[in-house]
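Below: coords_35.csv (CSV, N, CA and C atoms)
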chain,number,residue,atom,x,y,z
Q,1223,MET,N,0.8,-1.2,0.0
Q,1223,MET,CA,0.0,0.0,0.0
Q,1223,MET,C,0.9,1.2,0.0
Q,1224,ASP,N,0.4,2.3,-0.7
Q,1224,ASP,CA,1.1,3.6,-0.7
Q,1224,ASP,C,0.9,4.3,0.6
Q,1225,PRO,N,2.0,4.6,1.3
Q,1225,PRO,CA,1.8,5.3,2.6
Q,1225,PRO,C,1.2,6.7,2.5
Q,1226,ASP,N,1.1,7.3,1.3
Q,1226,ASP,CA,0.5,8.6,1.2
Q,1226,ASP,C,-1.0,8.5,0.7
Q,1227,ASP,N,-1.5,7.2,0.5
Q,1227,ASP,CA,-2.8,7.0,0.1
Q,1227,ASP,C,-3.7,7.4,1.3
Q,1228,LEU,N,-4.6,8.4,1.1
Q,1228,LEU,CA,-5.4,9.0,2.2
Q,1228,LEU,C,-6.5,8.1,2.6
Q,1229,THR,N,-6.8,7.0,1.9
Q,1229,THR,CA,-7.8,6.1,2.3
Q,1229,THR,C,-7.2,4.9,3.0
Q,1230,CYS,N,-5.9,4.9,3.2
Q,1230,CYS,CA,-5.2,3.8,3.9
Q,1230,CYS,C,-5.2,4.1,5.4
Q,1231,THR,N,-5.7,3.1,6.2
Q,1231,THR,CA,-5.8,3.3,7.6
Q,1231,THR,C,-4.9,2.3,8.4
Q,1232,THR,N,-4.1,1.5,7.7
Q,1232,THR,CA,-3.3,0.5,8.3
Q,1232,THR,C,-2.1,1.1,9.1
Q,1233,ASP,N,-1.8,2.4,8.8
Q,1233,ASP,CA,-0.6,3.0,9.5
Q,1233,ASP,C,-1.0,3.8,10.7
Q,1234,GLY,N,-2.3,3.8,11.1
Q,1234,GLY,CA,-2.8,4.5,12.3
Q,1234,GLY,C,-2.9,6.0,12.1
Q,1235,ARG,N,-2.8,6.5,10.8
Q,1235,ARG,CA,-3.0,7.9,10.6
Q,1235,ARG,C,-4.4,8.2,10.1
Q,1236,PHE,N,-4.9,9.4,10.3
Q,1236,PHE,CA,-6.2,9.8,9.8
Q,1236,PHE,C,-6.4,9.6,8.4
Q,1237,ALA,N,-7.6,9.1,8.0
Q,1237,ALA,CA,-7.9,8.8,6.6
Q,1237,ALA,C,-9.3,9.3,6.3
Q,1238,LEU,N,-9.4,9.8,5.0
Q,1238,LEU,CA,-10.7,10.2,4.5
Q,1238,LEU,C,-11.3,9.0,3.8
Q,1239,GLU,N,-12.5,8.7,4.1
Q,1239,GLU,CA,-13.2,7.5,3.5
Q,1239,GLU,C,-14.5,7.9,2.7
Q,1240,ARG,N,-14.6,7.4,1.6
Q,1240,ARG,CA,-15.8,7.7,0.7
Q,1240,ARG,C,-17.1,7.4,1.5
Q,1241,GLY,N,-18.0,8.4,1.4
Q,1241,GLY,CA,-19.3,8.2,1.9
Q,1241,GLY,C,-19.4,8.7,3.4
Q,1242,TYR,N,-18.3,9.0,4.0
Q,1242,TYR,CA,-18.3,9.5,5.4
Q,1242,TYR,C,-18.3,11.0,5.5
Q,1243,TRP,N,-18.9,11.5,6.6
Q,1243,TRP,CA,-18.9,13.0,6.9
Q,1243,TRP,C,-17.7,13.3,7.8
Q,1244,TYR,N,-17.2,14.5,7.5
Q,1244,TYR,CA,-16.0,15.0,8.3
Q,1244,TYR,C,-16.2,16.5,8.6
Q,1245,ALA,N,-15.6,16.9,9.6
Q,1245,ALA,CA,-15.5,18.3,10.0
Q,1245,ALA,C,-14.4,19.0,9.1
Q,1246,LEU,N,-14.7,20.1,8.5
Q,1246,LEU,CA,-13.7,20.9,7.8
Q,1246,LEU,C,-13.6,22.3,8.4
Q,1247,GLU,N,-12.4,22.7,8.7
Q,1247,GLU,CA,-12.1,24.0,9.1
Q,1247,GLU,C,-11.1,24.6,8.0
Q,1248,LEU,N,-11.5,25.7,7.5
Q,1248,LEU,CA,-10.8,26.3,6.3
Q,1248,LEU,C,-10.4,27.7,6.5
Q,1249,PHE,N,-9.1,28.0,6.1
Q,1249,PHE,CA,-8.6,29.4,6.2
Q,1249,PHE,C,-8.1,29.8,4.9
Q,1250,ASP,N,-8.5,31.0,4.4
Q,1250,ASP,CA,-8.0,31.4,3.1
Q,1250,ASP,C,-8.0,33.0,3.1
Q,1251,ASP,N,-7.3,33.5,2.2
Q,1251,ASP,CA,-7.2,35.0,2.0
Q,1251,ASP,C,-8.4,35.5,1.3
Q,1252,GLU,N,-9.1,34.7,0.6
Q,1252,GLU,CA,-10.3,35.1,-0.2
Q,1252,GLU,C,-11.4,35.7,0.8
Q,1253,PHE,N,-11.4,35.2,2.0
Q,1253,PHE,CA,-12.4,35.8,2.9
Q,1253,PHE,C,-11.7,36.4,4.1
Q,1254,GLY,N,-10.6,37.1,3.8
Q,1254,GLY,CA,-9.9,37.9,4.8
Q,1254,GLY,C,-9.2,37.1,5.9
Q,1255,GLY,N,-8.9,35.8,5.5
Q,1255,GLY,CA,-8.2,35.0,6.5
Q,1255,GLY,C,-9.0,34.4,7.6
Q,1256,GLU,N,-10.3,34.7,7.5
Q,1256,GLU,CA,-11.3,34.3,8.5
Q,1256,GLU,C,-11.5,32.8,8.4
Q,1257,ARG,N,-11.6,32.1,9.6
Q,1257,ARG,CA,-11.8,30.7,9.6
Q,1257,ARG,C,-13.3,30.4,9.3
Q,1258,ARG,N,-13.5,29.4,8.4
Q,1258,ARG,CA,-14.8,29.0,8.1
Q,1258,ARG,C,-14.9,27.5,8.4
Q,1259,THR,N,-16.1,27.0,8.7
Q,1259,THR,CA,-16.3,25.6,9.0
Q,1259,THR,C,-17.4,25.1,8.1
Q,1260,SER,N,-17.3,23.7,8.0
Q,1260,SER,CA,-18.4,23.1,7.3
Q,1260,SER,C,-18.3,21.6,7.5
Q,1261,PRO,N,-19.5,20.9,7.6
Q,1261,PRO,CA,-19.5,19.5,7.5
Q,1261,PRO,C,-19.3,19.2,6.0
Q,1262,VAL,N,-18.5,18.1,5.7
Q,1262,VAL,CA,-18.3,17.7,4.3
Q,1262,VAL,C,-18.5,16.2,4.2
Q,1263,ARG,N,-19.1,15.8,3.1
Q,1263,ARG,CA,-19.2,14.3,2.8
Q,1263,ARG,C,-18.2,14.0,1.7
Q,1264,VAL,N,-17.4,13.0,2.0
Q,1264,VAL,CA,-16.4,12.6,1.0
Q,1264,VAL,C,-17.0,11.7,-0.1
Q,1265,ASP,N,-16.9,12.2,-1.4
Q,1265,ASP,CA,-17.5,11.4,-2.5
Q,1265,ASP,C,-16.4,10.5,-3.2
Q,1266,GLU,N,-15.2,11.1,-3.2
Q,1266,GLU,CA,-14.1,10.4,-3.9
Q,1266,GLU,C,-12.8,11.0,-3.5
Q,1267,VAL,N,-11.8,10.2,-3.3
Q,1267,VAL,CA,-10.4,10.6,-3.0
Q,1267,VAL,C,-9.5,10.0,-4.1
Q,1268,ARG,N,-8.8,10.8,-4.9
Q,1268,ARG,CA,-7.9,10.3,-5.9
Q,1268,ARG,C,-6.5,10.7,-5.7
Q,1269,PRO,N,-5.6,9.8,-5.2
Q,1269,PRO,CA,-4.2,10.1,-5.0
Q,1269,PRO,C,-3.6,10.5,-6.4
Q,1270,LYS,N,-2.7,11.5,-6.4
Q,1270,LYS,CA,-2.1,12.0,-7.6
Q,1270,LYS,C,-0.6,11.7,-7.6
Q,1271,GLY,N,-0.1,11.1,-6.5
Q,1271,GLY,CA,1.3,10.9,-6.4
Q,1271,GLY,C,1.9,11.8,-5.4
Q,1272,GLY,N,2.9,11.2,-4.6
Q,1272,GLY,CA,3.5,12.0,-3.5
Q,1272,GLY,C,2.4,12.4,-2.5
Q,1273,ARG,N,2.4,13.6,-2.2
Q,1273,ARG,CA,1.4,14.1,-1.2
Q,1273,ARG,C,0.2,14.8,-1.9
Q,1274,SER,N,0.2,14.7,-3.2
Q,1274,SER,CA,-0.9,15.4,-4.0
Q,1274,SER,C,-2.1,14.5,-4.2
Q,1275,TRP,N,-3.3,15.1,-4.1
Q,1275,TRP,CA,-4.5,14.3,-4.2
Q,1275,TRP,C,-5.7,15.2,-4.6
Q,1276,GLU,N,-6.7,14.6,-5.2
Q,1276,GLU,CA,-7.9,15.4,-5.5
Q,1276,GLU,C,-9.1,14.8,-4.6
Q,1277,LEU,N,-10.0,15.7,-4.3
Q,1277,LEU,CA,-11.1,15.3,-3.4
Q,1277,LEU,C,-12.4,15.8,-4.0
Q,1278,ASP,N,-13.3,14.9,-4.3
Q,1278,ASP,CA,-14.7,15.3,-4.6
Q,1278,ASP,C,-15.5,15.2,-3.3
Q,1279,PHE,N,-16.2,16.2,-3.0
Q,1279,PHE,CA,-17.0,16.2,-1.8
Q,1279,PHE,C,-18.2,17.1,-1.8
Q,1280,PHE,N,-19.1,16.9,-0.9
Q,1280,PHE,CA,-20.3,17.7,-0.8
Q,1280,PHE,C,-20.1,18.7,0.4
Q,1281,HIS,N,-20.1,20.0,0.1
Q,1281,HIS,CA,-19.8,21.0,1.0
Q,1281,HIS,C,-21.1,21.6,1.6
Q,1282,LEU,N,-21.5,21.1,2.8
Q,1282,LEU,CA,-22.8,21.4,3.3
Q,1282,LEU,C,-23.1,22.9,3.5
Q,1283,ASP,N,-22.0,23.7,3.8
Q,1283,ASP,CA,-22.2,25.1,4.2
Q,1283,ASP,C,-22.1,26.0,2.9
Q,1284,TYR,N,-22.2,25.4,1.8
Q,1284,TYR,CA,-22.3,26.3,0.5
Q,1284,TYR,C,-23.7,26.3,0.1
Q,1285,PRO,N,-24.1,27.3,-0.7
Q,1285,PRO,CA,-25.5,27.4,-1.2
Q,1285,PRO,C,-25.9,26.2,-2.1
Q,1286,GLN,N,-27.1,25.9,-2.0
Q,1286,GLN,CA,-27.7,24.8,-2.8
Q,1286,GLN,C,-27.3,25.1,-4.3
Q,1287,GLY,N,-26.9,24.0,-5.0
Q,1287,GLY,CA,-26.5,24.1,-6.4
Q,1287,GLY,C,-25.0,24.2,-6.6
Q,1288,VAL,N,-24.3,24.6,-5.6
Q,1288,VAL,CA,-22.8,24.8,-5.7
Q,1288,VAL,C,-22.1,24.0,-4.6
Q,1289,GLN,N,-22.8,23.0,-4.1
Q,1289,GLN,CA,-22.2,22.3,-2.9
Q,1289,GLN,C,-21.3,21.1,-3.3
Q,1290,ASP,N,-21.4,20.7,-4.6
Q,1290,ASP,CA,-20.5,19.6,-5.0
Q,1290,ASP,C,-19.2,20.2,-5.5
Q,1291,LYS,N,-18.1,19.9,-4.8
Q,1291,LYS,CA,-16.8,20.5,-5.1
Q,1291,LYS,C,-15.8,19.5,-5.4
Q,1292,THR,N,-14.8,19.9,-6.2
Q,1292,THR,CA,-13.6,19.1,-6.4
Q,1292,THR,C,-12.4,20.1,-6.2
Q,1293,TYR,N,-11.5,19.7,-5.2
Q,1293,TYR,CA,-10.3,20.5,-4.9
Q,1293,TYR,C,-9.1,19.6,-5.1
Q,1294,ALA,N,-8.0,20.2,-5.6
Q,1294,ALA,CA,-6.7,19.5,-5.6
Q,1294,ALA,C,-5.9,19.9,-4.4
Q,1295,PHE,N,-5.5,19.0,-3.6
Q,1295,PHE,CA,-4.8,19.3,-2.4
Q,1295,PHE,C,-3.4,18.7,-2.4
Q,1296,LYS,N,-2.6,19.3,-1.5
Q,1296,LYS,CA,-1.3,18.7,-1.1
Q,1296,LYS,C,-1.3,18.6,0.4
Q,1297,THR,N,-1.0,17.4,0.9
Q,1297,THR,CA,-0.9,17.2,2.4
Q,1297,THR,C,0.3,17.9,3.0
Q,1298,ILE,N,0.0,18.6,4.0
Q,1298,ILE,CA,1.0,19.3,4.8
Q,1298,ILE,C,1.4,18.4,6.0
Q,1299,TYR,N,0.3,17.9,6.7
Q,1299,TYR,CA,0.5,17.0,7.9
Q,1299,TYR,C,-0.6,16.1,8.0
Q,1300,ARG,N,-0.3,14.8,8.3
Q,1300,ARG,CA,-1.4,13.8,8.5
Q,1300,ARG,C,-1.1,13.1,9.8
Q,1301,GLY,N,-1.9,13.3,10.8
Q,1301,GLY,CA,-1.7,12.7,12.1
Q,1301,GLY,C,-2.7,11.6,12.4
Q,1302,GLU,N,-2.8,11.2,13.6
Q,1302,GLU,CA,-3.7,10.1,14.0
Q,1302,GLU,C,-5.2,10.6,13.9
Q,1303,ASN,N,-5.4,11.9,14.2
Q,1303,ASN,CA,-6.8,12.4,14.4
Q,1303,ASN,C,-7.2,13.5,13.4
Q,1304,TYR,N,-6.3,14.0,12.6
Q,1304,TYR,CA,-6.6,15.0,11.6
Q,1304,TYR,C,-5.6,15.1,10.5
Q,1305,LEU,N,-6.0,15.8,9.5
Q,1305,LEU,CA,-5.2,16.0,8.3
Q,1305,LEU,C,-5.2,17.5,7.9
Q,1306,ILE,N,-4.0,18.0,7.7
Q,1306,ILE,CA,-3.9,19.4,7.2
Q,1306,ILE,C,-3.4,19.4,5.8
Q,1307,ALA,N,-4.1,20.2,4.9
Q,1307,ALA,CA,-3.8,20.2,3.5
Q,1307,ALA,C,-3.9,21.6,3.0
Q,1308,VAL,N,-3.3,21.9,1.9
Q,1308,VAL,CA,-3.4,23.2,1.2
Q,1308,VAL,C,-3.9,22.9,-0.2
Q,1309,GLU,N,-4.8,23.8,-0.6
Q,1309,GLU,CA,-5.4,23.8,-1.9
Q,1309,GLU,C,-5.0,25.1,-2.6
Q,1310,ASP,N,-4.5,25.1,-3.8
Q,1310,ASP,CA,-4.1,26.3,-4.5
Q,1310,ASP,C,-5.1,26.5,-5.6
Q,1311,ASN,N,-6.0,27.6,-5.4
Q,1311,ASN,CA,-7.0,27.9,-6.3
Q,1311,ASN,C,-6.7,29.2,-7.1
Q,1312,ASN,N,-6.0,29.0,-8.2
Q,1312,ASN,CA,-5.5,30.2,-9.0
Q,1312,ASN,C,-4.8,31.2,-8.1
Q,1313,GLY,N,-3.9,30.8,-7.3
Q,1313,GLY,CA,-3.1,31.7,-6.5
Q,1313,GLY,C,-3.7,31.9,-5.1
Q,1314,ASP,N,-5.0,31.7,-4.9
Q,1314,ASP,CA,-5.6,31.8,-3.5
Q,1314,ASP,C,-5.4,30.5,-2.8
Q,1315,GLN,N,-4.6,30.5,-1.8
Q,1315,GLN,CA,-4.4,29.2,-1.1
Q,1315,GLN,C,-5.4,29.1,0.0
Q,1316,ARG,N,-5.9,27.9,0.1
Q,1316,ARG,CA,-6.8,27.5,1.2
Q,1316,ARG,C,-6.1,26.4,2.0
Q,1317,HIS,N,-6.0,26.7,3.3
Q,1317,HIS,CA,-5.5,25.7,4.3
Q,1317,HIS,C,-6.6,25.1,5.0
Q,1318,CYS,N,-6.7,23.8,4.9
Q,1318,CYS,CA,-7.8,23.0,5.4
Q,1318,CYS,C,-7.4,22.0,6.4
Q,1319,ILE,N,-8.2,21.9,7.4
Q,1319,ILE,CA,-8.0,20.8,8.5
Q,1319,ILE,C,-9.3,19.9,8.4
Q,1320,PHE,N,-9.1,18.7,8.2
Q,1320,PHE,CA,-10.1,17.7,8.2
Q,1320,PHE,C,-10.0,16.8,9.4
Q,1321,PHE,N,-11.1,16.5,10.1
Q,1321,PHE,CA,-11.1,15.6,11.2
Q,1321,PHE,C,-12.5,15.0,11.4
Q,1322,ALA,N,-12.6,14.0,12.3
Q,1322,ALA,CA,-13.8,13.4,12.5
Q,1322,ALA,C,-14.8,14.4,13.0
Q,1323,MET,N,-16.0,14.3,12.5
Q,1323,MET,CA,-17.1,15.2,12.9
Q,1323,MET,C,-17.8,14.6,14.2
Q,1324,THR,N,-17.9,15.4,15.2
Q,1324,THR,CA,-18.6,15.0,16.4
Q,1324,THR,C,-19.9,15.8,16.6
Q,1325,PHE,N,-20.8,15.3,17.4
Q,1325,PHE,CA,-22.0,16.1,17.7
Q,1325,PHE,C,-21.6,17.4,18.4
Q,1326,ASN,N,-20.6,17.4,19.2
Q,1326,ASN,CA,-20.2,18.6,19.9
Q,1326,ASN,C,-19.7,19.7,18.9
Q,1327,TRP,N,-18.9,19.2,18.0
Q,1327,TRP,CA,-18.4,20.2,16.9
Q,1327,TRP,C,-19.5,20.7,16.1
Q,1328,PHE,N,-20.4,19.8,15.7
Q,1328,PHE,CA,-21.6,20.3,14.9
Q,1328,PHE,C,-22.4,21.3,15.7
Q,1329,ASP,N,-22.7,21.0,16.9
Q,1329,ASP,CA,-23.5,21.9,17.7
Q,1329,ASP,C,-22.8,23.2,18.0
Q,1330,LEU,N,-21.5,23.2,18.2
Q,1330,LEU,CA,-20.8,24.4,18.4
Q,1330,LEU,C,-20.9,25.4,17.2
Q,1331,HIS,N,-20.7,24.8,16.0
Q,1331,HIS,CA,-20.7,25.6,14.8
Q,1331,HIS,C,-22.0,25.8,14.1
Q,1332,TYR,N,-23.0,24.9,14.4
Q,1332,TYR,CA,-24.3,25.0,13.7
Q,1332,TYR,C,-25.4,24.9,14.7
Q,1333,SER,N,-25.3,25.6,15.9
Q,1333,SER,CA,-26.3,25.6,16.9
Q,1333,SER,C,-27.6,26.2,16.3
Q,1334,HIS,N,-27.5,27.0,15.3
Q,1334,HIS,CA,-28.8,27.6,14.7
Q,1334,HIS,C,-29.6,26.5,14.0
Q,1335,ILE,N,-29.0,25.3,13.7
Q,1335,ILE,CA,-29.7,24.2,13.2
Q,1335,ILE,C,-30.2,23.3,14.3
Q,1336,THR,N,-29.3,23.1,15.3
Q,1336,THR,CA,-29.6,22.1,16.4
Q,1336,THR,C,-30.3,22.7,17.5
Q,1337,SER,N,-30.5,24.0,17.6
Q,1337,SER,CA,-31.1,24.7,18.8
Q,1337,SER,C,-32.5,24.1,19.0
Q,1338,GLY,N,-32.7,23.7,20.3
Q,1338,GLY,CA,-34.0,23.2,20.6
Q,1338,GLY,C,-34.3,21.8,20.1
Q,1339,ARG,N,-33.3,21.1,19.5
Q,1339,ARG,CA,-33.5,19.8,19.0
Q,1339,ARG,C,-32.6,18.8,19.7
Q,1340,HIS,N,-33.1,17.6,19.9
Q,1340,HIS,CA,-32.2,16.6,20.5
Q,1340,HIS,C,-31.6,15.8,19.3
Q,1341,ILE,N,-30.3,15.8,19.4
Q,1341,ILE,CA,-29.5,15.0,18.4
Q,1341,ILE,C,-29.0,13.8,19.1
Q,1342,ALA,N,-29.3,12.7,18.6
Q,1342,ALA,CA,-28.8,11.4,19.1
Q,1342,ALA,C,-28.1,10.6,18.1

Let's see the structure in the file written out as structure tokens.
Amino acid sequence: MDPDDLTCTTDGRFALERGYWYALELFDDEFGGERRTSPVRVDEVRPKGGRSWELDFFHLDYPQGVQDKTYAFKTIYRGENYLIAVEDNNGDQRHCIFFAMTFNWFDLHYSHITSGRHIA
């Protein structure tokens, strides 16, 4: 197995798996360096060699009709519980942190959706 394959979980490092939801925290200059968050569903991960890869995903916090995204990434760091990657979008770099989505994370960032509701 390729040690840089992001779907490989045999080495104990964080992996993105097709069909699963993850927490995404994103920083970029396009929005003044402000941190943005979104739940994302991984549709496909395509290794491109070395630390480069493409990701097809559903970006929940984007407007309807433009939620299906494809980004080309380069891994900066991949630990046991999260992955840090950079995406270069025509010179605008996005730094992204992917990690397991928890109910606490979702409630913290999306309490306007969960307010007054019981999530189990």

Which residues come within 12 Å of His1331 of chain Q, counting only C-alpha atoms, excluding same-chain residues fewer than 6 positions away, as a list in words?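 What passes the distance filter is Ala1245, Leu1246, Glu1247, Arg1257, Arg1258, Thr1259, Ser1260, Pro1261, Asp1283, Met1323, Thr1324, Phe1325 and Ser1337 of chain Q.
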
Atom C of Asp1250 of chain Q to atom N of Gly1271 of chain Q, straight-line distance in Å: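 One can read the atom N of Gly1271 of chain Q to atom C of Asp1250 of chain Q distance as 25.2 Å.
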
Write down as JSON, numbers by chain the residues belonging to segment 1251-1342 of chain Q that are assigned strand (DSSP E or B) by DSSP computed on the backbone. {"Q": [1257, 1258, 1259, 1260, 1261, 1262, 1263, 1264, 1265, 1266, 1267, 1268, 1269, 1270, 1271, 1274, 1275, 1276, 1277, 1278, 1279, 1280, 1281, 1290, 1291, 1292, 1293, 1294, 1295, 1296, 1297, 1298, 1299, 1300, 1304, 1305, 1306, 1307, 1308, 1309, 1310, 1311, 1314, 1315, 1316, 1317, 1318, 1319, 1320, 1321, 1322]}

Residues as selected, N, CA and C atoms, written as a short mmCIF file (atom, residue, chain, number, x, y, z; two decimals), in the frame of the given file, can you do that?
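Writing the result to part-v6.cif gives the following:
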data_model
loop_
_atom_site.label_atom_id
_atom_site.label_comp_id
_atom_site.auth_asym_id
_atom_site.auth_seq_id
_atom_site.Cartn_x
_atom_site.Cartn_y
_atom_site.Cartn_z
N ARG Q 1257 -11.60 32.10 9.60
CA ARG Q 1257 -11.80 30.70 9.60
C ARG Q 1257 -13.30 30.40 9.30
N ARG Q 1258 -13.50 29.40 8.40
CA ARG Q 1258 -14.80 29.00 8.10
C ARG Q 1258 -14.90 27.50 8.40
N THR Q 1259 -16.10 27.00 8.70
CA THR Q 1259 -16.30 25.60 9.00
C THR Q 1259 -17.40 25.10 8.10
N SER Q 1260 -17.30 23.70 8.00
CA SER Q 1260 -18.40 23.10 7.30
C SER Q 1260 -18.30 21.60 7.50
N PRO Q 1261 -19.50 20.90 7.60
CA PRO Q 1261 -19.50 19.50 7.50
C PRO Q 1261 -19.30 19.20 6.00
N VAL Q 1262 -18.50 18.10 5.70
CA VAL Q 1262 -18.30 17.70 4.30
C VAL Q 1262 -18.50 16.20 4.20
N ARG Q 1263 -19.10 15.80 3.10
CA ARG Q 1263 -19.20 14.30 2.80
C ARG Q 1263 -18.20 14.00 1.70
N VAL Q 1264 -17.40 13.00 2.00
CA VAL Q 1264 -16.40 12.60 1.00
C VAL Q 1264 -17.00 11.70 -0.10
N ASP Q 1265 -16.90 12.20 -1.40
CA ASP Q 1265 -17.50 11.40 -2.50
C ASP Q 1265 -16.40 10.50 -3.20
N GLU Q 1266 -15.20 11.10 -3.20
CA GLU Q 1266 -14.10 10.40 -3.90
C GLU Q 1266 -12.80 11.00 -3.50
N VAL Q 1267 -11.80 10.20 -3.30
CA VAL Q 1267 -10.40 10.60 -3.00
C VAL Q 1267 -9.50 10.00 -4.10
N ARG Q 1268 -8.80 10.80 -4.90
CA ARG Q 1268 -7.90 10.30 -5.90
C ARG Q 1268 -6.50 10.70 -5.70
N PRO Q 1269 -5.60 9.80 -5.20
CA PRO Q 1269 -4.20 10.10 -5.00
C PRO Q 1269 -3.60 10.50 -6.40
N LYS Q 1270 -2.70 11.50 -6.40
CA LYS Q 1270 -2.10 12.00 -7.60
C LYS Q 1270 -0.60 11.70 -7.60
N GLY Q 1271 -0.10 11.10 -6.50
CA GLY Q 1271 1.30 10.90 -6.40
C GLY Q 1271 1.90 11.80 -5.40
N SER Q 1274 0.20 14.70 -3.20
CA SER Q 1274 -0.90 15.40 -4.00
C SER Q 1274 -2.10 14.50 -4.20
N TRP Q 1275 -3.30 15.10 -4.10
CA TRP Q 1275 -4.50 14.30 -4.20
C TRP Q 1275 -5.70 15.20 -4.60
N GLU Q 1276 -6.70 14.60 -5.20
CA GLU Q 1276 -7.90 15.40 -5.50
C GLU Q 1276 -9.10 14.80 -4.60
N LEU Q 1277 -10.00 15.70 -4.30
CA LEU Q 1277 -11.10 15.30 -3.40
C LEU Q 1277 -12.40 15.80 -4.00
N ASP Q 1278 -13.30 14.90 -4.30
CA ASP Q 1278 -14.70 15.30 -4.60
C ASP Q 1278 -15.50 15.20 -3.30
N PHE Q 1279 -16.20 16.20 -3.00
CA PHE Q 1279 -17.00 16.20 -1.80
C PHE Q 1279 -18.20 17.10 -1.80
N PHE Q 1280 -19.10 16.90 -0.90
CA PHE Q 1280 -20.30 17.70 -0.80
C PHE Q 1280 -20.10 18.70 0.40
N HIS Q 1281 -20.10 20.00 0.10
CA HIS Q 1281 -19.80 21.00 1.00
C HIS Q 1281 -21.10 21.60 1.60
N ASP Q 1290 -21.40 20.70 -4.60
CA ASP Q 1290 -20.50 19.60 -5.00
C ASP Q 1290 -19.20 20.20 -5.50
N LYS Q 1291 -18.10 19.90 -4.80
CA LYS Q 1291 -16.80 20.50 -5.10
C LYS Q 1291 -15.80 19.50 -5.40
N THR Q 1292 -14.80 19.90 -6.20
CA THR Q 1292 -13.60 19.10 -6.40
C THR Q 1292 -12.40 20.10 -6.20
N TYR Q 1293 -11.50 19.70 -5.20
CA TYR Q 1293 -10.30 20.50 -4.90
C TYR Q 1293 -9.10 19.60 -5.10
N ALA Q 1294 -8.00 20.20 -5.60
CA ALA Q 1294 -6.70 19.50 -5.60
C ALA Q 1294 -5.90 19.90 -4.40
N PHE Q 1295 -5.50 19.00 -3.60
CA PHE Q 1295 -4.80 19.30 -2.40
C PHE Q 1295 -3.40 18.70 -2.40
N LYS Q 1296 -2.60 19.30 -1.50
CA LYS Q 1296 -1.30 18.70 -1.10
C LYS Q 1296 -1.30 18.60 0.40
N THR Q 1297 -1.00 17.40 0.90
CA THR Q 1297 -0.90 17.20 2.40
C THR Q 1297 0.30 17.90 3.00
N ILE Q 1298 0.00 18.60 4.00
CA ILE Q 1298 1.00 19.30 4.80
C ILE Q 1298 1.40 18.40 6.00
N TYR Q 1299 0.30 17.90 6.70
CA TYR Q 1299 0.50 17.00 7.90
C TYR Q 1299 -0.60 16.10 8.00
N ARG Q 1300 -0.30 14.80 8.30
CA ARG Q 1300 -1.40 13.80 8.50
C ARG Q 1300 -1.10 13.10 9.80
N TYR Q 1304 -6.30 14.00 12.60
CA TYR Q 1304 -6.60 15.00 11.60
C TYR Q 1304 -5.60 15.10 10.50
N LEU Q 1305 -6.00 15.80 9.50
CA LEU Q 1305 -5.20 16.00 8.30
C LEU Q 1305 -5.20 17.50 7.90
N ILE Q 1306 -4.00 18.00 7.70
CA ILE Q 1306 -3.90 19.40 7.20
C ILE Q 1306 -3.40 19.40 5.80
N ALA Q 1307 -4.10 20.20 4.90
CA ALA Q 1307 -3.80 20.20 3.50
C ALA Q 1307 -3.90 21.60 3.00
N VAL Q 1308 -3.30 21.90 1.90
CA VAL Q 1308 -3.40 23.20 1.20
C VAL Q 1308 -3.90 22.90 -0.20
N GLU Q 1309 -4.80 23.80 -0.60
CA GLU Q 1309 -5.40 23.80 -1.90
C GLU Q 1309 -5.00 25.10 -2.60
N ASP Q 1310 -4.50 25.10 -3.80
CA ASP Q 1310 -4.10 26.30 -4.50
C ASP Q 1310 -5.10 26.50 -5.60
N ASN Q 1311 -6.00 27.60 -5.40
CA ASN Q 1311 -7.00 27.90 -6.30
C ASN Q 1311 -6.70 29.20 -7.10
N ASP Q 1314 -5.00 31.70 -4.90
CA ASP Q 1314 -5.60 31.80 -3.50
C ASP Q 1314 -5.40 30.50 -2.80
N GLN Q 1315 -4.60 30.50 -1.80
CA GLN Q 1315 -4.40 29.20 -1.10
C GLN Q 1315 -5.40 29.10 0.00
N ARG Q 1316 -5.90 27.90 0.10
CA ARG Q 1316 -6.80 27.50 1.20
C ARG Q 1316 -6.10 26.40 2.00
N HIS Q 1317 -6.00 26.70 3.30
CA HIS Q 1317 -5.50 25.70 4.30
C HIS Q 1317 -6.60 25.10 5.00
N CYS Q 1318 -6.70 23.80 4.90
CA CYS Q 1318 -7.80 23.00 5.40
C CYS Q 1318 -7.40 22.00 6.40
N ILE Q 1319 -8.20 21.90 7.40
CA ILE Q 1319 -8.00 20.80 8.50
C ILE Q 1319 -9.30 19.90 8.40
N PHE Q 1320 -9.10 18.70 8.20
CA PHE Q 1320 -10.10 17.70 8.20
C PHE Q 1320 -10.00 16.80 9.40
N PHE Q 1321 -11.10 16.50 10.10
CA PHE Q 1321 -11.10 15.60 11.20
C PHE Q 1321 -12.50 15.00 11.40
N ALA Q 1322 -12.60 14.00 12.30
CA ALA Q 1322 -13.80 13.40 12.50
C ALA Q 1322 -14.80 14.40 13.00
#

For Asp1278 of chain Q, work out the shell of residues within 5 Å, counting only N, CA and C atoms and skipping chain neighbours fewer than 4 positions away, then give it as a ChimeraX atom specification. /Q:1264-1266,1291-1292

List the spatial neighbours of Tyr1293 of chain Q as an MDAnalysis selection string - criterion: any atom at most 6 Å away, only N, CA and C atoms, same-chain residues fewer than 4 positions off excluded. chainID Q and resid 1275:1278

So the first atom is atom CA of Phe1236 of chain Q and the second is atom C of Lys1296 of chain Q; what is the distance between them in Å, to one decimal place?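 Atom-to-atom, atom CA of Phe1236 of chain Q and atom C of Lys1296 of chain Q are spaced 13.8 Å apart.
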
Restricting the calculation to only N, CA and C atoms: of Q:Ala1294, Q:Leu1248, Q:Val1288, Q:Leu1305, which residue gets closest to Phe1321 of chain Q?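 Result for the nearest residue to Phe1321 of chain Q: Q:Leu1305.
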
What is the distance between atom N of Ile1319 of chain Q and atom CA of Gln1286 of chain Q, in Å to one decimal? 22.2 Å

Among segment 1239-1329 of chain Q, which residues does DSSP mark as alpha helix (DSSP H) when it is run on the backbone? Keep the chain and numbering as in the structure and answer as a PyMOL selection string. chain Q and resi 1325-1329

For Arg1273 of chain Q, find every residue with an atom within 6.5 Å (counting only N, CA and C atoms), except residues of its own chain fewer than 3 positions away, and show them as a PyMOL selection string. chain Q and resi 1226+1270+1295-1297
